[in-house]
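The next block is start_36.pdb, given as PDB, C-alpha atoms and all ligand atoms.
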```
ATOM      1  CA  MET A  13     153.693  78.511 -27.266
ATOM      2  CA  LYS A  14     155.449  76.146 -29.664
ATOM      3  CA  ARG A  15     156.352  77.303 -33.147
ATOM      4  CA  ALA A  16     154.041  74.731 -34.782
ATOM      5  CA  GLU A  17     151.127  75.978 -32.670
ATOM      6  CA  GLN A  18     151.917  79.576 -33.597
ATOM      7  CA  GLN A  19     151.842  78.635 -37.279
ATOM      8  CA  ARG A  20     148.513  76.859 -36.862
ATOM      9  CA  LEU A  21     146.968  79.828 -35.066
ATOM     10  CA  GLY A  22     148.387  82.139 -37.745
ATOM     11  CA  SER A  23     146.758  80.063 -40.499
ATOM     12  CA  ALA A  24     143.440  80.111 -38.662
ATOM     13  CA  LEU A  25     143.664  83.871 -38.178
ATOM     14  CA  LEU A  26     144.430  84.329 -41.874
ATOM     15  CA  ALA A  27     141.352  82.281 -42.821
ATOM     16  CA  ALA A  28     139.272  84.337 -40.379
ATOM     17  CA  LEU A  29     140.496  87.633 -41.826
ATOM     18  CA  LEU A  30     139.772  86.468 -45.367
ATOM     19  CA  ALA A  31     136.121  85.705 -44.541
ATOM     20  CA  PRO A  32     134.244  88.673 -46.052
ATOM     21  CA  LEU A  33     132.094  90.142 -43.298
ATOM     22  CA  PRO A  34     128.751  90.685 -45.124
ATOM     23  CA  ALA A  35     128.834  87.121 -46.440
ATOM     24  CA  THR A  36     129.618  85.918 -42.928
ATOM     25  CA  GLY A  37     126.351  87.406 -41.688
ATOM     26  CA  ARG A  38     124.429  85.837 -44.549
ATOM     27  CA  VAL A  39     125.963  82.400 -44.037
ATOM     28  CA  ALA A  40     125.422  82.696 -40.280
ATOM     29  CA  LEU A  41     121.751  83.495 -40.917
ATOM     30  CA  VAL A  42     121.341  80.423 -43.137
ATOM     31  CA  LEU A  43     123.033  78.259 -40.471
ATOM     32  CA  HIS A  44     120.730  79.740 -37.799
ATOM     33  CA  GLU A  45     117.588  79.020 -39.836
ATOM     34  CA  LEU A  46     118.853  75.506 -40.652
ATOM     35  CA  GLY A  47     119.155  74.995 -36.878
ATOM     36  CA  HIS A  48     115.446  75.794 -36.481
ATOM     37  CA  ALA A  49     114.665  73.458 -39.388
ATOM     38  CA  ALA A  50     116.711  70.634 -37.802
ATOM     39  CA  ALA A  51     114.989  71.159 -34.428
ATOM     40  CA  ALA A  52     111.607  71.116 -36.179
ATOM     41  CA  LEU A  53     112.341  67.901 -38.088
ATOM     42  CA  GLY A  54     113.821  66.344 -34.943
ATOM     43  CA  THR A  55     110.656  67.021 -32.935
ATOM     44  CA  GLY A  56     108.231  65.718 -35.543
ATOM     45  CA  GLY A  57     107.546  68.997 -37.316
ATOM     46  CA  ARG A  58     107.554  69.721 -41.021
ATOM     47  CA  LEU A  59     109.511  72.361 -42.849
ATOM     48  CA  ARG A  60     107.306  74.578 -45.069
ATOM     49  CA  ALA A  61     109.707  77.259 -46.238
ATOM     50  CA  LEU A  62     112.996  78.927 -45.419
ATOM     51  CA  ASN A  63     112.994  82.629 -46.274
ATOM     52  CA  LEU A  64     115.892  85.043 -46.098
ATOM     53  CA  GLY A  65     114.950  88.728 -46.173
ATOM     54  CA  ALA A  66     117.037  91.367 -47.921
ATOM     55  CA  ASP A  67     117.269  93.213 -44.574
ATOM     56  CA  GLY A  68     119.233  90.336 -43.049
ATOM     57  CA  SER A  69     116.266  88.776 -41.312
ATOM     58  CA  GLY A  70     115.337  85.143 -41.696
ATOM     59  CA  GLN A  71     112.232  83.095 -41.209
ATOM     60  CA  THR A  72     111.664  79.367 -41.136
ATOM     61  CA  ALA A  73     108.049  78.369 -41.729
ATOM     62  CA  ILE A  74     107.279  75.205 -39.791
ATOM     63  CA  SER A  75     104.186  73.207 -39.036
ATOM     64  CA  GLY A  76     104.021  70.944 -35.994
ATOM     65  CA  GLY A  77     107.002  70.039 -33.862
ATOM     66  CA  ASN A  78     107.820  71.293 -30.392
ATOM     67  CA  PRO A  79     107.794  75.118 -30.489
ATOM     68  CA  VAL A  80     109.934  75.501 -27.344
ATOM     69  CA  LEU A  81     112.646  73.169 -28.641
ATOM     70  CA  ILE A  82     112.475  74.702 -32.133
ATOM     71  CA  LEU A  83     113.002  78.193 -30.685
ATOM     72  CA  ALA A  84     115.544  77.231 -28.006
ATOM     73  CA  LEU A  85     117.598  74.577 -29.800
ATOM     74  CA  GLY A  86     117.428  76.205 -33.234
ATOM     75  CA  PRO A  87     120.131  78.799 -32.519
ATOM     76  CA  LEU A  88     122.251  76.347 -30.491
ATOM     77  CA  ILE A  89     122.366  73.458 -33.012
ATOM     78  CA  PRO A  90     124.577  75.247 -35.597
ATOM     79  CA  MET A  91     126.824  76.654 -32.840
ATOM     80  CA  LEU A  92     127.357  73.250 -31.286
ATOM     81  CA  SER A  93     127.866  71.644 -34.711
ATOM     82  CA  LEU A  94     130.503  74.243 -35.618
ATOM     83  CA  ALA A  95     132.137  73.790 -32.208
ATOM     84  CA  LEU A  96     132.441  70.030 -32.619
ATOM     85  CA  ILE A  97     133.645  70.273 -36.230
ATOM     86  CA  GLY A  98     136.062  73.080 -35.288
ATOM     87  CA  ALA A  99     137.423  71.229 -32.241
ATOM     88  CA  ARG A 100     138.032  68.147 -34.365
ATOM     89  CA  LEU A 101     139.831  70.219 -37.006
ATOM     90  CA  TRP A 102     141.984  71.958 -34.358
ATOM     91  CA  ARG A 103     143.215  68.556 -33.208
ATOM     92  CA  SER A 104     143.902  67.352 -36.739
ATOM     93  CA  PRO A 105     147.610  67.115 -37.595
ATOM     94  CA  SER A 106     146.934  68.227 -41.190
ATOM     95  CA  PRO A 107     148.666  71.546 -42.015
ATOM     96  CA  LEU A 108     145.518  72.627 -43.905
ATOM     97  CA  ALA A 109     143.114  71.938 -41.011
ATOM     98  CA  PRO A 110     143.582  75.324 -39.274
ATOM     99  CA  TYR A 111     141.986  77.154 -42.242
ATOM    100  CA  PRO A 112     138.530  75.513 -42.001
ATOM    101  CA  ALA A 113     138.935  75.467 -38.204
ATOM    102  CA  GLY A 114     139.408  79.254 -38.242
ATOM    103  CA  LEU A 115     136.365  79.683 -40.482
ATOM    104  CA  ALA A 116     134.244  77.447 -38.221
ATOM    105  CA  LEU A 117     135.263  79.613 -35.266
ATOM    106  CA  VAL A 118     134.393  82.830 -37.162
ATOM    107  CA  PHE A 119     130.875  81.575 -37.926
ATOM    108  CA  GLN A 120     130.424  80.233 -34.417
ATOM    109  CA  LEU A 121     131.466  83.543 -32.867
ATOM    110  CA  ARG A 122     129.186  85.402 -35.270
ATOM    111  CA  LEU A 123     126.227  83.189 -34.259
ATOM    112  CA  VAL A 124     126.977  83.672 -30.552
ATOM    113  CA  LEU A 125     127.294  87.454 -30.992
ATOM    114  CA  ASP A 126     124.053  87.586 -33.028
ATOM    115  CA  LEU A 127     122.282  85.606 -30.312
ATOM    116  CA  LEU A 128     123.519  87.993 -27.607
ATOM    117  CA  LEU A 129     122.753  91.042 -29.744
ATOM    118  CA  HIS A 130     119.220  90.061 -30.758
ATOM    119  CA  GLY A 131     118.322  88.329 -27.495
ATOM    120  CA  LEU A 132     119.753  90.746 -24.991
ATOM    121  CA  LEU A 133     120.672  94.125 -26.437
ATOM    122  CA  ARG A 134     118.054  94.560 -29.174
ATOM    123  CA  PRO A 135     115.284  92.004 -28.668
ATOM    124  CA  GLY A 136     112.610  92.491 -31.349
ATOM    125  CA  PRO A 137     109.123  90.982 -31.253
ATOM    126  CA  GLN A 138     110.210  88.243 -33.689
ATOM    127  CA  ALA A 139     113.427  87.362 -31.829
ATOM    128  CA  ASP A 140     113.652  83.754 -30.658
ATOM    129  CA  SER A 141     114.141  84.840 -27.039
ATOM    130  CA  THR A 142     111.104  87.162 -27.147
ATOM    131  CA  ARG A 143     108.893  84.386 -28.524
ATOM    132  CA  LEU A 144     110.260  81.858 -25.997
ATOM    133  CA  ALA A 145     109.675  84.381 -23.193
ATOM    134  CA  THR A 146     106.059  84.758 -24.332
ATOM    135  CA  LEU A 147     105.602  80.964 -24.347
ATOM    136  CA  TRP A 148     107.082  80.646 -20.857
ATOM    137  CA  GLY A 149     105.656  83.860 -19.388
ATOM    138  CA  LEU A 150     109.151  85.062 -18.468
ATOM    139  CA  PRO A 151     110.883  88.433 -19.047
ATOM    140  CA  ALA A 152     112.460  88.482 -22.525
ATOM    141  CA  PRO A 153     115.883  89.780 -21.318
ATOM    142  CA  LEU A 154     116.136  86.841 -18.894
ATOM    143  CA  VAL A 155     115.489  84.333 -21.673
ATOM    144  CA  GLY A 156     117.880  86.261 -23.948
ATOM    145  CA  LEU A 157     120.572  86.073 -21.278
ATOM    146  CA  ALA A 158     120.018  82.342 -20.727
ATOM    147  CA  LEU A 159     120.198  81.612 -24.469
ATOM    148  CA  GLY A 160     123.287  83.824 -24.807
ATOM    149  CA  LEU A 161     125.024  81.994 -21.954
ATOM    150  CA  LEU A 162     124.206  78.635 -23.542
ATOM    151  CA  GLY A 163     125.657  79.988 -26.791
ATOM    152  CA  LEU A 164     128.861  81.015 -24.990
ATOM    153  CA  LEU A 165     129.068  77.508 -23.499
ATOM    154  CA  THR A 166     129.246  76.056 -27.025
ATOM    155  CA  LEU A 167     132.698  77.696 -27.272
ATOM    156  CA  LEU A 168     134.030  75.325 -24.588
ATOM    157  CA  PRO A 169     134.929  72.426 -26.938
ATOM    158  CA  VAL A 170     136.926  74.865 -29.100
ATOM    159  CA  ALA A 171     138.648  76.400 -26.051
ATOM    160  CA  GLN A 172     139.487  72.887 -24.893
ATOM    161  CA  ALA A 173     140.907  71.952 -28.304
ATOM    162  CA  LEU A 174     142.947  75.179 -28.483
ATOM    163  CA  ARG A 175     144.526  74.652 -25.050
ATOM    164  CA  PRO A 176     148.274  74.071 -25.441
ATOM    165  CA  ARG A 177     149.065  70.406 -24.974
ATOM    166  CA  PRO A 178     151.815  69.706 -22.440
ATOM    167  CA  PHE A 179     153.135  66.638 -24.279
ATOM    168  CA  SER A 180     153.479  68.140 -27.735
ATOM    169  CA  ASP A 181     155.542  66.029 -30.132
ATOM    170  CA  ARG A 182     157.557  69.063 -31.228
TER     171      ARG A 182
HETATM  172 ZN    ZN A 201     115.825  82.128 -34.877
END
```

What is this file in structure tokens?
Amino acid sequence: MKRAEQQRLGSALLAALLAPLPATGRVALVLHELGHAAAALGTGGRLRALNLGADGSGQTAISGGNPVLILALGPLIPMLSLALIGARLWRSPSPLAPYPAGLALVFQLRLVLDLLLHGLLRPGPQADSTRLATLWGLPAPLVGLALGLLGLLTLLPVAQALRPRPFSDR
């Protein structure tokens, strides 16, 4: 690994370590709910309210729209957005770019882990995967696994951007 790449990864790691963990969960929750809101608006629905519970739960009240897409795309939209923003920042030559890139990766990883945790390991009745499973008549763990795998796939653009480039200028 080239020295410049090491410095960039170090900066990103520093930014990641400075992200306070409780706030990370809160921000990740807001991003997750905004994903549902975006999916609702994109499928002709209307946003009624966005509530964040003190217990770390969130709820987006929506009328209309496509319920399957709102449930399935909601969690994936913020992950994919962070992946694309992060990948672009990783490729930026700016010496400051690794800091926001590291933060984007922290939030993306948090969202992916939350999706796996709530969909697969601890699926509650209000979890997106449980509600999707009910709509489709499928076992909830299967839907949780599928959503989790899709979430992991959103890390590909970042992995691609982080791959050492063979023709580095330095
Ligand atoms: Zn959700």

Margin query: For a quick check of understanding, using only C-alpha atoms and all ligand atoms, which of A:Gln120, A:Gln71, A:Ser104, A:Thr166 has the smallest distance to ligand ZN 201 (chain A)?
Written below: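 Result for the nearest residue to ligand ZN 201 (chain A): A:Gln71.
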
Margin query: Here's the selection I'm unsure about, the PyMOL selection byres (((chain A and resi 144) around 12) and not hetatm); applied to the file above, which residues does it give, as number ranges by chain?
Written below: A: 78-86, 131, 135, 137-143, 145-156, 158-159

With C-alpha atoms kept, could you save the residues just selected as a CSV table (one decimal), in the coordinates of the input?
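Written out: again_18.csv:
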```
chain,number,residue,atom,x,y,z
A,78,ASN,CA,107.8,71.3,-30.4
A,79,PRO,CA,107.8,75.1,-30.5
A,80,VAL,CA,109.9,75.5,-27.3
A,81,LEU,CA,112.6,73.2,-28.6
A,82,ILE,CA,112.5,74.7,-32.1
A,83,LEU,CA,113.0,78.2,-30.7
A,84,ALA,CA,115.5,77.2,-28.0
A,85,LEU,CA,117.6,74.6,-29.8
A,86,GLY,CA,117.4,76.2,-33.2
A,131,GLY,CA,118.3,88.3,-27.5
A,135,PRO,CA,115.3,92.0,-28.7
A,137,PRO,CA,109.1,91.0,-31.3
A,138,GLN,CA,110.2,88.2,-33.7
A,139,ALA,CA,113.4,87.4,-31.8
A,140,ASP,CA,113.7,83.8,-30.7
A,141,SER,CA,114.1,84.8,-27.0
A,142,THR,CA,111.1,87.2,-27.1
A,143,ARG,CA,108.9,84.4,-28.5
A,145,ALA,CA,109.7,84.4,-23.2
A,146,THR,CA,106.1,84.8,-24.3
A,147,LEU,CA,105.6,81.0,-24.3
A,148,TRP,CA,107.1,80.6,-20.9
A,149,GLY,CA,105.7,83.9,-19.4
A,150,LEU,CA,109.2,85.1,-18.5
A,151,PRO,CA,110.9,88.4,-19.0
A,152,ALA,CA,112.5,88.5,-22.5
A,153,PRO,CA,115.9,89.8,-21.3
A,154,LEU,CA,116.1,86.8,-18.9
A,155,VAL,CA,115.5,84.3,-21.7
A,156,GLY,CA,117.9,86.3,-23.9
A,158,ALA,CA,120.0,82.3,-20.7
A,159,LEU,CA,120.2,81.6,-24.5
```

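Nearest residue to ligand ZN 201 (chain A), choosing from A:Ser93, A:Asn63, A:Ser23, A:Thr36 and counting all atoms listed in the file: A:Asn63.
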
Please produce, as JSON lines, a per-residue contact table for segment 118-162 of chain A versus segment 24-29 of chain A (criterion: any atom at most 12 Å away, all atoms listed in the file considered), showing the nearest atom pair and its distance in Å to one decimal, sorted by chain then residue number.
```
{"residue": "A:Val118", "atom": "CA", "partner": "A:Ala28", "partner_atom": "CA", "distance": 6.0}
{"residue": "A:Phe119", "atom": "CA", "partner": "A:Ala28", "partner_atom": "CA", "distance": 9.2}
{"residue": "A:Gln120", "atom": "CA", "partner": "A:Ala28", "partner_atom": "CA", "distance": 11.4}
{"residue": "A:Leu121", "atom": "CA", "partner": "A:Ala28", "partner_atom": "CA", "distance": 10.9}
{"residue": "A:Arg122", "atom": "CA", "partner": "A:Ala28", "partner_atom": "CA", "distance": 11.4}
```

Notebook entry, point to check: How far is it from atom CA of Gly76 of chain A to atom CA of Leu129 of chain A, in Å with one decimal?
Noted result: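 Interatomic distance here is 28.2 Å.
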
Would you compute, for all listed atoms of segment 116-125 of chain A, the axis-aligned bounding box grown by 4 Å on each side, and then report its centre and edge lengths in Å rounded to one decimal, as JSON?
```
{"center_x": 130.7, "center_y": 82.5, "center_z": -34.4, "size_x": 17.0, "size_y": 18.0, "size_z": 15.7}
```

Next item on the list: For the file shown, report as a count of residues only the outcome of the PyMOL selection byres (((chain A and resi 55) around 8) and not hetatm) at residue level.
Entry: 10

Note to self: I need the output of the PyMOL selection byres (((chain A and resi 172) around 12) and not hetatm) for this file as an MDAnalysis selection string; which residues are they?
What the structure shows: chainID A and resid 95:96 98:100 102:103 165:171 173:177

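For the pair atom CA of Asp126 of chain A and atom CA of Leu101 of chain A, the separation is 23.8 Å.
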
Could you give me segment 44-71 of chain A completed to N, CA and C atoms, formatted as a PDB file, in the coordinates of the input?
```
ATOM      1  N   HIS A  44     121.692  79.549 -38.892  1.00  0.00           N
ATOM      2  CA  HIS A  44     120.730  79.740 -37.799  1.00  0.00           C
ATOM      3  C   HIS A  44     119.358  79.160 -38.189  1.00  0.00           C
ATOM      4  N   GLU A  45     118.906  79.506 -39.399  1.00  0.00           N
ATOM      5  CA  GLU A  45     117.588  79.020 -39.836  1.00  0.00           C
ATOM      6  C   GLU A  45     117.600  77.502 -40.028  1.00  0.00           C
ATOM      7  N   LEU A  46     118.738  76.965 -40.510  1.00  0.00           N
ATOM      8  CA  LEU A  46     118.853  75.506 -40.652  1.00  0.00           C
ATOM      9  C   LEU A  46     118.765  74.829 -39.280  1.00  0.00           C
ATOM     10  N   GLY A  47     119.264  75.521 -38.241  1.00  0.00           N
ATOM     11  CA  GLY A  47     119.155  74.995 -36.878  1.00  0.00           C
ATOM     12  C   GLY A  47     117.696  74.853 -36.468  1.00  0.00           C
ATOM     13  N   HIS A  48     116.886  75.878 -36.771  1.00  0.00           N
ATOM     14  CA  HIS A  48     115.446  75.794 -36.481  1.00  0.00           C
ATOM     15  C   HIS A  48     114.824  74.637 -37.270  1.00  0.00           C
ATOM     16  N   ALA A  49     115.222  74.523 -38.546  1.00  0.00           N
ATOM     17  CA  ALA A  49     114.665  73.458 -39.388  1.00  0.00           C
ATOM     18  C   ALA A  49     115.019  72.088 -38.811  1.00  0.00           C
ATOM     19  N   ALA A  50     116.276  71.915 -38.369  1.00  0.00           N
ATOM     20  CA  ALA A  50     116.711  70.634 -37.802  1.00  0.00           C
ATOM     21  C   ALA A  50     115.933  70.324 -36.529  1.00  0.00           C
ATOM     22  N   ALA A  51     115.740  71.354 -35.673  1.00  0.00           N
ATOM     23  CA  ALA A  51     114.989  71.159 -34.428  1.00  0.00           C
ATOM     24  C   ALA A  51     113.536  70.796 -34.738  1.00  0.00           C
ATOM     25  N   ALA A  52     112.988  71.412 -35.796  1.00  0.00           N
ATOM     26  CA  ALA A  52     111.607  71.116 -36.179  1.00  0.00           C
ATOM     27  C   ALA A  52     111.484  69.672 -36.654  1.00  0.00           C
ATOM     28  N   LEU A  53     112.389  69.268 -37.550  1.00  0.00           N
ATOM     29  CA  LEU A  53     112.341  67.901 -38.088  1.00  0.00           C
ATOM     30  C   LEU A  53     112.592  66.887 -36.974  1.00  0.00           C
ATOM     31  N   GLY A  54     113.489  67.252 -36.042  1.00  0.00           N
ATOM     32  CA  GLY A  54     113.821  66.344 -34.943  1.00  0.00           C
ATOM     33  C   GLY A  54     112.704  66.181 -33.936  1.00  0.00           C
ATOM     34  N   THR A  55     111.754  67.118 -33.903  1.00  0.00           N
ATOM     35  CA  THR A  55     110.656  67.021 -32.935  1.00  0.00           C
ATOM     36  C   THR A  55     109.330  66.723 -33.645  1.00  0.00           C
ATOM     37  N   GLY A  56     109.433  66.168 -34.842  1.00  0.00           N
ATOM     38  CA  GLY A  56     108.231  65.718 -35.543  1.00  0.00           C
ATOM     39  C   GLY A  56     107.522  66.783 -36.353  1.00  0.00           C
ATOM     40  N   GLY A  57     108.163  67.936 -36.521  1.00  0.00           N
ATOM     41  CA  GLY A  57     107.546  68.997 -37.316  1.00  0.00           C
ATOM     42  C   GLY A  57     107.880  68.855 -38.790  1.00  0.00           C
ATOM     43  N   ARG A  58     107.282  69.729 -39.581  1.00  0.00           N
ATOM     44  CA  ARG A  58     107.554  69.721 -41.021  1.00  0.00           C
ATOM     45  C   ARG A  58     107.997  71.110 -41.462  1.00  0.00           C
ATOM     46  N   LEU A  59     108.966  71.110 -42.347  1.00  0.00           N
ATOM     47  CA  LEU A  59     109.511  72.361 -42.849  1.00  0.00           C
ATOM     48  C   LEU A  59     108.679  72.816 -44.038  1.00  0.00           C
ATOM     49  N   ARG A  60     108.130  74.047 -43.969  1.00  0.00           N
ATOM     50  CA  ARG A  60     107.306  74.578 -45.069  1.00  0.00           C
ATOM     51  C   ARG A  60     108.133  75.460 -46.002  1.00  0.00           C
ATOM     52  N   ALA A  61     108.909  76.336 -45.414  1.00  0.00           N
ATOM     53  CA  ALA A  61     109.707  77.259 -46.238  1.00  0.00           C
ATOM     54  C   ALA A  61     110.824  77.850 -45.402  1.00  0.00           C
ATOM     55  N   LEU A  62     111.872  78.263 -46.094  1.00  0.00           N
ATOM     56  CA  LEU A  62     112.996  78.927 -45.419  1.00  0.00           C
ATOM     57  C   LEU A  62     113.247  80.217 -46.187  1.00  0.00           C
ATOM     58  N   ASN A  63     112.891  81.340 -45.580  1.00  0.00           N
ATOM     59  CA  ASN A  63     112.994  82.629 -46.274  1.00  0.00           C
ATOM     60  C   ASN A  63     114.085  83.493 -45.669  1.00  0.00           C
ATOM     61  N   LEU A  64     114.873  84.102 -46.545  1.00  0.00           N
ATOM     62  CA  LEU A  64     115.892  85.043 -46.098  1.00  0.00           C
ATOM     63  C   LEU A  64     115.535  86.413 -46.652  1.00  0.00           C
ATOM     64  N   GLY A  65     115.311  87.377 -45.746  1.00  0.00           N
ATOM     65  CA  GLY A  65     114.950  88.728 -46.173  1.00  0.00           C
ATOM     66  C   GLY A  65     116.171  89.514 -46.610  1.00  0.00           C
ATOM     67  N   ALA A  66     115.936  90.519 -47.453  1.00  0.00           N
ATOM     68  CA  ALA A  66     117.037  91.367 -47.921  1.00  0.00           C
ATOM     69  C   ALA A  66     117.612  92.193 -46.772  1.00  0.00           C
ATOM     70  N   ASP A  67     116.819  92.397 -45.706  1.00  0.00           N
ATOM     71  CA  ASP A  67     117.269  93.213 -44.574  1.00  0.00           C
ATOM     72  C   ASP A  67     118.105  92.402 -43.576  1.00  0.00           C
ATOM     73  N   GLY A  68     118.408  91.146 -43.943  1.00  0.00           N
ATOM     74  CA  GLY A  68     119.233  90.336 -43.049  1.00  0.00           C
ATOM     75  C   GLY A  68     118.420  89.542 -42.048  1.00  0.00           C
ATOM     76  N   SER A  69     117.100  89.568 -42.201  1.00  0.00           N
ATOM     77  CA  SER A  69     116.266  88.776 -41.312  1.00  0.00           C
ATOM     78  C   SER A  69     115.967  87.436 -41.971  1.00  0.00           C
ATOM     79  N   GLY A  70     115.649  86.456 -41.160  1.00  0.00           N
ATOM     80  CA  GLY A  70     115.337  85.143 -41.696  1.00  0.00           C
ATOM     81  C   GLY A  70     114.087  84.597 -41.050  1.00  0.00           C
ATOM     82  N   GLN A  71     113.429  83.702 -41.762  1.00  0.00           N
ATOM     83  CA  GLN A  71     112.232  83.095 -41.209  1.00  0.00           C
ATOM     84  C   GLN A  71     112.107  81.669 -41.703  1.00  0.00           C
TER      85      GLN A  71
END
```
